[in-house]
Structure formats: C-alpha cells, structure tokens
file structure.txt (compact mmCIF, C-alpha atoms)
# COMPACT_ATOMS: atom_id res chain seq x y z
CA MET A 1 123.47 51.10 63.95
CA THR A 2 121.30 54.21 63.88
CA ALA A 3 117.77 54.34 65.14
CA PRO A 4 115.10 54.06 62.44
CA ILE A 5 113.43 57.29 61.40
CA PRO A 6 109.84 57.29 62.63
CA ARG A 7 107.20 57.55 59.97
CA ASP A 8 104.92 59.78 61.97
CA ILE A 9 106.65 62.98 63.09
CA PRO A 10 104.66 64.80 65.77
CA ASP A 11 103.47 68.30 64.96
CA LEU A 12 105.64 71.04 66.39
CA PRO A 13 103.93 73.78 68.39
CA ALA A 14 103.18 76.91 66.43
CA ILE A 15 105.56 79.80 66.93
CA PRO A 16 103.68 82.69 68.48
CA ARG A 17 103.32 85.66 66.16
CA THR A 18 105.04 88.78 67.39
CA HIS A 19 104.09 92.33 66.52
CA ALA A 20 106.40 94.31 64.27
CA LEU A 21 108.62 96.77 66.01
CA LEU A 22 107.37 100.31 65.70
CA LEU A 23 109.86 103.03 64.89
CA SER A 24 109.67 105.92 67.29
CA SER A 25 110.77 109.35 66.20
CA VAL A 26 112.77 111.24 68.77
CA PRO A 27 112.79 115.03 68.41
CA ALA A 28 116.19 116.58 67.93
CA SER A 29 115.64 118.78 70.97
CA ALA A 30 115.62 115.67 73.15
CA VAL A 31 119.18 114.69 72.28
CA VAL A 32 120.76 117.86 70.86
CA THR A 33 121.64 120.68 73.19
CA PRO A 34 120.06 123.96 71.99
CA VAL A 35 122.68 126.38 70.71
CA ARG A 36 122.43 130.12 71.27
CA ARG A 37 123.71 132.29 68.43
CA PRO A 38 124.21 135.76 69.89
CA LEU A 39 126.22 137.06 66.94
CA ALA A 40 123.51 136.08 64.46
CA ALA A 41 120.90 137.62 66.76
CA VAL A 42 122.75 140.95 66.92
CA LEU A 43 123.36 141.10 63.17
CA ARG A 44 119.74 140.29 62.40
CA LEU A 45 118.63 142.91 64.88
CA LEU A 46 120.73 145.43 62.97
CA LEU A 47 119.18 144.27 59.69
CA ALA A 48 115.68 144.68 61.12
CA GLY A 49 116.60 148.13 62.41
CA THR A 50 117.98 149.17 59.02
CA ALA A 51 114.82 148.09 57.21
CA ALA A 52 112.66 149.82 59.81
CA ALA A 53 114.77 152.99 59.54
CA GLY A 54 114.34 153.13 55.77
CA VAL A 55 110.57 152.67 56.04
CA THR A 56 110.26 155.25 58.84
CA LEU A 57 112.31 157.82 56.95
CA ALA A 58 110.21 157.35 53.82
CA LEU A 59 107.00 157.75 55.85
CA LEU A 60 108.27 161.00 57.34
CA LEU A 61 109.25 162.42 53.95
CA GLY A 62 106.20 161.46 51.91
CA SER A 63 102.50 160.77 52.11
CA PRO A 64 102.09 157.72 54.41
CA LEU A 65 99.35 156.10 52.33
CA ARG A 66 101.33 156.49 49.13
CA VAL A 67 104.58 155.34 50.73
CA LEU A 68 102.94 152.25 52.22
CA SER A 69 101.51 151.37 48.80
CA HIS A 70 104.96 150.66 47.35
CA PHE A 71 106.10 147.06 46.99
CA ALA A 72 109.54 148.08 48.26
CA ILE A 73 108.13 149.46 51.51
CA GLN A 74 105.91 146.44 52.10
CA SER A 75 108.76 144.02 51.46
CA ASN A 76 111.00 145.94 53.87
CA ILE A 77 108.32 145.86 56.57
CA LEU A 78 108.00 142.09 56.13
CA LEU A 79 111.78 141.70 56.24
CA ALA A 80 112.02 143.78 59.43
CA LEU A 81 109.38 141.66 61.20
CA VAL A 82 110.85 138.33 60.05
CA THR A 83 114.45 139.21 60.96
CA LEU A 84 113.32 140.58 64.32
CA LEU A 85 111.65 137.25 65.14
CA SER A 86 114.67 135.36 63.80
CA ALA A 87 116.98 137.42 66.02
CA ARG A 88 114.89 136.58 69.09
CA ARG A 89 114.95 132.87 68.28
CA ALA A 90 118.68 132.87 67.67
CA TRP A 91 119.26 134.64 71.00
CA THR A 92 117.03 132.25 72.98
CA ALA A 93 118.24 129.06 71.21
CA ARG A 94 114.80 128.28 69.85
CA ARG A 95 113.99 126.58 66.55
CA PRO A 96 114.37 128.88 63.52
CA LEU A 97 111.38 130.31 61.73
CA PRO A 98 109.83 128.22 58.92
CA ALA A 99 111.89 128.39 55.76
CA ALA A 100 108.77 129.21 53.75
CA LEU A 101 108.45 132.50 55.67
CA THR A 102 112.11 133.49 55.67
CA GLY A 103 112.46 132.50 52.02
CA ALA A 104 109.49 134.65 51.07
CA ALA A 105 110.91 137.69 52.89
CA LEU A 106 114.27 137.17 51.19
CA LEU A 107 112.72 136.75 47.73
CA TYR A 108 110.54 139.86 47.98
CA VAL A 109 113.36 142.11 49.12
CA MET A 110 115.58 140.71 46.35
CA ILE A 111 112.83 141.56 43.86
CA THR A 112 112.77 145.07 45.33
CA GLY A 113 116.49 145.56 44.78
CA LEU A 114 116.67 143.98 41.33
CA VAL A 115 113.64 145.78 39.90
CA TYR A 116 114.90 149.12 41.18
CA HIS A 117 118.43 148.80 39.85
CA LEU A 118 117.53 147.11 36.56
CA LEU A 119 114.32 148.89 35.59
CA LEU A 120 113.76 152.04 37.61
CA THR A 121 117.13 153.80 37.87
CA ASP A 122 117.29 154.36 34.09
CA ALA A 123 113.67 155.45 33.75
CA ALA A 124 112.96 158.79 32.08
CA THR A 125 110.99 159.96 35.11
CA PRO A 126 112.93 159.84 38.40
CA PHE A 127 111.56 157.17 40.72
CA SER A 128 111.16 157.78 44.44
CA VAL A 129 109.18 156.02 47.16
CA THR A 130 108.66 159.38 48.89
CA GLY A 131 106.79 160.85 45.91
CA THR A 132 109.19 163.59 44.93
CA THR A 133 108.80 164.59 41.28
CA THR A 134 112.47 165.51 40.84
CA ALA A 135 115.58 163.40 41.18
CA PRO A 136 115.77 162.41 44.87
CA THR A 137 118.45 164.13 46.90
CA GLY A 138 119.33 164.43 50.58
CA TRP A 139 117.18 162.35 52.91
CA HIS A 140 114.95 161.27 50.00
CA LEU A 141 117.99 159.68 48.39
CA VAL A 142 119.00 158.06 51.70
CA ALA A 143 115.53 156.54 52.16
CA GLY A 144 115.57 155.17 48.61
CA HIS A 145 118.99 153.58 49.01
CA LEU A 146 118.08 152.04 52.36
CA VAL A 147 115.01 150.22 51.08
CA HIS A 148 116.30 149.42 47.58
CA THR A 149 119.99 148.70 48.11
CA VAL A 150 121.15 148.33 51.69
CA THR A 151 118.49 145.98 53.03
CA PRO A 152 118.45 143.67 49.96
CA ILE A 153 122.23 143.24 50.12
CA ALA A 154 122.16 142.73 53.88
CA ALA A 155 119.36 140.16 53.57
CA VAL A 156 121.33 138.17 50.97
CA LEU A 157 124.43 138.24 53.20
CA ASP A 158 122.35 137.05 56.15
CA TRP A 159 121.10 134.14 54.03
CA LEU A 160 124.57 133.24 52.77
CA LEU A 161 126.52 133.64 56.02
CA LEU A 162 124.10 133.02 58.89
CA THR A 163 121.48 130.58 57.58
CA PRO A 164 121.96 126.80 57.18
CA PRO A 165 121.48 125.59 53.60
CA GLY A 166 118.99 123.12 52.18
CA ARG A 167 115.90 124.47 53.97
CA LEU A 168 114.06 126.01 51.01
CA ARG A 169 111.71 123.78 49.01
CA LEU A 170 110.86 124.04 45.32
CA ARG A 171 107.13 123.59 45.95
CA ARG A 172 107.17 126.92 47.80
CA ALA A 173 108.20 128.85 44.68
CA ALA A 174 104.65 128.89 43.31
CA THR A 175 103.24 129.85 46.71
CA TRP A 176 105.59 132.81 46.93
CA MET A 177 104.03 134.19 43.73
CA ILE A 178 100.70 134.81 45.45
CA TYR A 179 101.83 138.10 46.96
CA PRO A 180 103.23 139.64 43.72
CA VAL A 181 99.99 138.74 41.93
CA ALA A 182 97.95 140.22 44.77
CA TYR A 183 100.08 143.36 44.65
CA LEU A 184 99.42 143.72 40.90
CA ALA A 185 95.68 143.54 41.57
CA PHE A 186 96.04 146.06 44.40
CA SER A 187 98.05 148.45 42.22
CA LEU A 188 95.49 148.40 39.41
CA ALA A 189 92.56 148.74 41.83
CA ARG A 190 94.27 151.64 43.61
CA ALA A 191 94.66 153.50 40.32
CA GLN A 192 90.93 153.27 39.67
CA LEU A 193 90.25 155.20 42.88
CA ILE A 194 92.51 158.10 41.85
CA THR A 195 91.55 160.78 39.35
CA VAL A 196 92.99 160.33 35.87
CA GLY A 197 96.06 162.49 35.34
CA THR A 198 96.99 162.69 39.01
CA PRO A 199 100.78 162.33 39.50
CA GLY A 200 101.64 159.03 41.12
CA ARG A 201 98.41 157.35 40.07
CA TYR A 202 100.50 154.37 39.03
CA LEU A 203 103.43 153.82 41.38
CA TYR A 204 105.52 151.87 38.89
CA PRO A 205 105.90 152.96 35.24
CA PHE A 206 105.63 149.43 33.83
CA PHE A 207 102.09 149.17 35.30
CA ASP A 208 101.00 152.55 33.92
CA VAL A 209 97.78 151.70 32.07
CA GLU A 210 97.11 155.39 31.39
CA SER A 211 100.27 155.71 29.29
CA HIS A 212 100.60 152.23 27.77
CA GLY A 213 97.16 150.59 27.96
CA TYR A 214 96.05 147.43 29.73
CA ARG A 215 97.54 145.11 27.13
CA HIS A 216 101.03 146.51 27.52
CA ALA A 217 100.79 146.73 31.31
CA LEU A 218 99.55 143.13 31.68
CA ALA A 219 102.27 141.93 29.29
CA ASN A 220 104.84 143.62 31.52
CA ALA A 221 103.24 142.01 34.55
CA LEU A 222 103.42 138.58 32.91
CA LEU A 223 107.10 138.98 32.03
CA LEU A 224 107.87 140.19 35.55
CA GLY A 225 105.91 137.32 37.08
CA LEU A 226 107.83 134.74 35.06
CA SER A 227 111.10 136.42 36.03
CA PHE A 228 110.12 136.40 39.70
CA TYR A 229 109.28 132.70 39.54
CA ALA A 230 112.60 131.95 37.84
CA LEU A 231 114.34 133.92 40.60
CA ALA A 232 112.50 131.87 43.24
CA VAL A 233 113.57 128.60 41.60
CA LEU A 234 117.15 129.85 41.36
CA LEU A 235 117.05 130.82 45.02
CA VAL A 236 115.98 127.31 46.01
CA ALA A 237 118.64 125.72 43.80
CA LEU A 238 121.39 127.90 45.24
CA ASP A 239 120.18 127.17 48.75
CA HIS A 240 120.79 123.45 48.18
CA ALA A 241 124.13 123.96 46.41
CA ARG A 242 125.85 126.41 48.76
CA PRO A 243 128.06 125.26 51.65
CA ASN A 244 126.96 125.34 55.26
CA PRO A 245 128.29 128.55 56.87
CA ILE A 246 127.42 127.56 60.45
CA SER A 247 128.43 123.90 60.54
CA HIS A 248 129.56 122.84 63.98
CA ARG A 249 129.82 119.66 66.00
CA LEU A 250 126.64 119.04 67.92
CA LYS A 251 126.78 117.41 71.33
CA THR A 252 124.19 114.67 71.46
CA GLY A 253 125.02 113.20 74.86
CA PHE A 254 126.15 109.87 73.39
CA ARG A 255 129.78 108.85 73.07
CA LEU A 256 130.95 105.87 71.04
CA GLY A 257 133.92 103.99 72.44
CA PRO A 258 136.60 102.20 70.40
CA PRO A 259 135.77 98.67 69.19
CA VAL A 260 136.67 95.86 71.60
CA GLY A 261 138.87 92.99 70.42
call {"tool": "encode", "arguments": {"input": "structure.txt", "output": "structure tokens"}}
result
Amino acid sequence: MTAPIPRDIPDLPAIPRTHALLLSSVPASAVVTPVRRPLAAVLRLLLAGTAAAGVTLALLLGSPLRVLSHFAIQSNILLALVTLLSARRAWTARRPLPAALTGAALLYVMITGLVYHLLLTDAATPFSVTGTTTAPTGWHLVAGHLVHTVTPIAAVLDWLLLTPPGRLRLRRAATWMIYPVAYLAFSLARAQLITVGTPGRYLYPFFDVESHGYRHALANALLLGLSFYALAVLLVALDHARPNPISHRLKTGFRLGPPVG
C-alpha cells in the first residue's frame, strides 16, 4: 500500500531572484592581433604624393588664390591629407580612419574626374586650373591631368584593392553633399567680389551667371547636385556589393579542438 497523500502541503521556500546576465562587449583589439600593412601604406603614400605634386605644380604655374579656389584643387588637397593619415595608420597597425571621412575624400575626387572629362573637356573655352586662356600644354597640361585624371583613378583603385568593403553607410550620402553646396555658395560669392567682365570670374562655365543668368546657373547646380547624390548612393551600394580584397585569417588567440566522443 502507498502512503496517503497529505491534504496540507507545506509551502516551498521561494527561489531567490537572480540578476540577468549582462553582455560585455570586448573590443576587437583585445583578441585580434593588430596587422601592419606596409604595402598599403607605401601605395597610399605615393597617392598622397601624387595629389600633392599636382596641387603644387598648379600653384607654381598660376595665381595661388585662383588655383586654390578650384573644386579640383581642394578635393586633391583633402585626398592627400586623408591618404597620408591612412598610410600612417596602415604602417603602424592602427585602426583605419572613419569611413565617413575616407568616403567623402573618394567621392569628391571622383566628382572632380567625372565633371572634368564629361563636361569640361568638350567646352568651347579651354579649361585649366592654372588660369591659362589657351589650350593647356606642357606643365599646365601635366598639372591638369594629375588633379583631374591620375589621382581620381588612383583613389578608386585604392578603394577597390586596398580597402575592406561594407564600411560606407547610406546615411552619409546626404552629409557628403554639404561641401558641394558650400562650394556653390563660395563660387557665387567669389564672383561678386570680382569686377564684371574679368576673365576667370566664374571658374566653371556651368556656374557662369554673367553669361547664362542665375536661373540657368542654379538649374545646372541642381542637376549637378542630384547627380552627385546619385553617385554617392551608387558608391555606397558598390561598397557593400564588392568582394573583400584584403581578406585574411585573423589570429584571435583561441583554438577550438576537435569534438570529444
């Protein structure tokens, strides 16, 4: 026979309440050995030197204030500074620069190359960052090709071959448009300080209010702005779709053994 079940079951002691486990984030530098990239550092140093050489040559050949007022020169200066810092970080195995900064430098120098080759090379009036009124030749031609062709191509190759993908963010595309808008305002304000009819009053023919009027110039600026934003979005999309050119096996310090049993 089994024992009868008691009618009054004593209360069990309450189970003490435990605190939820808190997830702790461990920085990658604590478990991943920093990797030096001397080849990337050297190539980026060459890219920075090329951009700096183009800017220096243009400054020596033309009026410094006028040369520095060009979007192409300003974008090359930014590219030289960013790639110089990136080269130092790659050499010393430090974290890369923020993608928002490197993406902006890449976008602006791409705009420089595309605008020059699509809009300025076929213009009726020869275009030159050094201010020459005739078709650029000699060192003037070299300076133009350095800032408009060589550095944009080299910057794109650096992005495709030496930079890990998936770092650019779509929300940055609108932020990157601040500088082109500011440059438009600077270009129009600069023209107001120069006497009407002075050669080079407007650095770019599509912003020439004197020849086309404000309506036409602002319409051109709007079309260019939309194109630049579309280019920024395309740049972000391609950054997430392209393969990783520098994938390698990282040593974390942990080794998993084969299953037992």
call {"tool": "atom_distance", "arguments": {"input": "structure.txt", "atom1": "atom CA of A:Gly62", "atom2": "atom CA of A:Pro152"}}
result
21.7 Å
call {"tool": "closest_residue", "arguments": {"input": "structure.txt", "among": "A:Arg171, A:Arg44, A:Arg37, A:His70", "to": "A:Tyr202", "atoms": "all atoms listed in the file"}}
result
A:His70
call {"tool": "residues_around", "arguments": {"input": "structure.txt", "residues": "stretch 138-146 of chain A", "least_positions_apart": "5", "cutoff": "9 Å", "atoms": "only C-alpha atoms", "output": "PyMOL selection string"}}
result
chain A and resi 50-51+53-58+61-62+128-130+132+151-152
call {"tool": "atom_distance", "arguments": {"input": "structure.txt", "atom1": "atom CA of A:Pro205", "atom2": "atom CA of A:Leu226"}}
result
18.3 Å
call {"tool": "residues_around", "arguments": {"input": "structure.txt", "residues": "A:Ala237", "least_positions_apart": "5", "cutoff": "9 Å", "atoms": "all atoms listed in the file", "output": "list in words"}}
result
Gly166, Leu168, Arg169, Leu170, Ala232 and Arg242 of chain A
call {"tool": "closest_residue", "arguments": {"input": "structure.txt", "among": "A:Ala221, A:Leu231, A:Leu97, A:Leu43", "to": "A:Ser187", "atoms": "all atoms listed in the file"}}
result
A:Ala221
call {"tool": "atom_distance", "arguments": {"input": "structure.txt", "atom1": "atom CA of A:Ala87", "atom2": "atom CA of A:Asn244"}}
result
19.0 Å
call {"tool": "residues_around", "arguments": {"input": "structure.txt", "residues": "A:Ser227", "least_positions_apart": "4", "cutoff": "12 Å", "atoms": "all atoms listed in the file", "output": "list of chain:residue names"}}
result
A:Leu107, A:Ile111, A:Leu114, A:Val115, A:Ala173, A:Met177, A:Pro180, A:Asn220, A:Ala221, A:Leu222, A:Leu223, A:Leu231, A:Ala232, A:Val233, A:Leu234
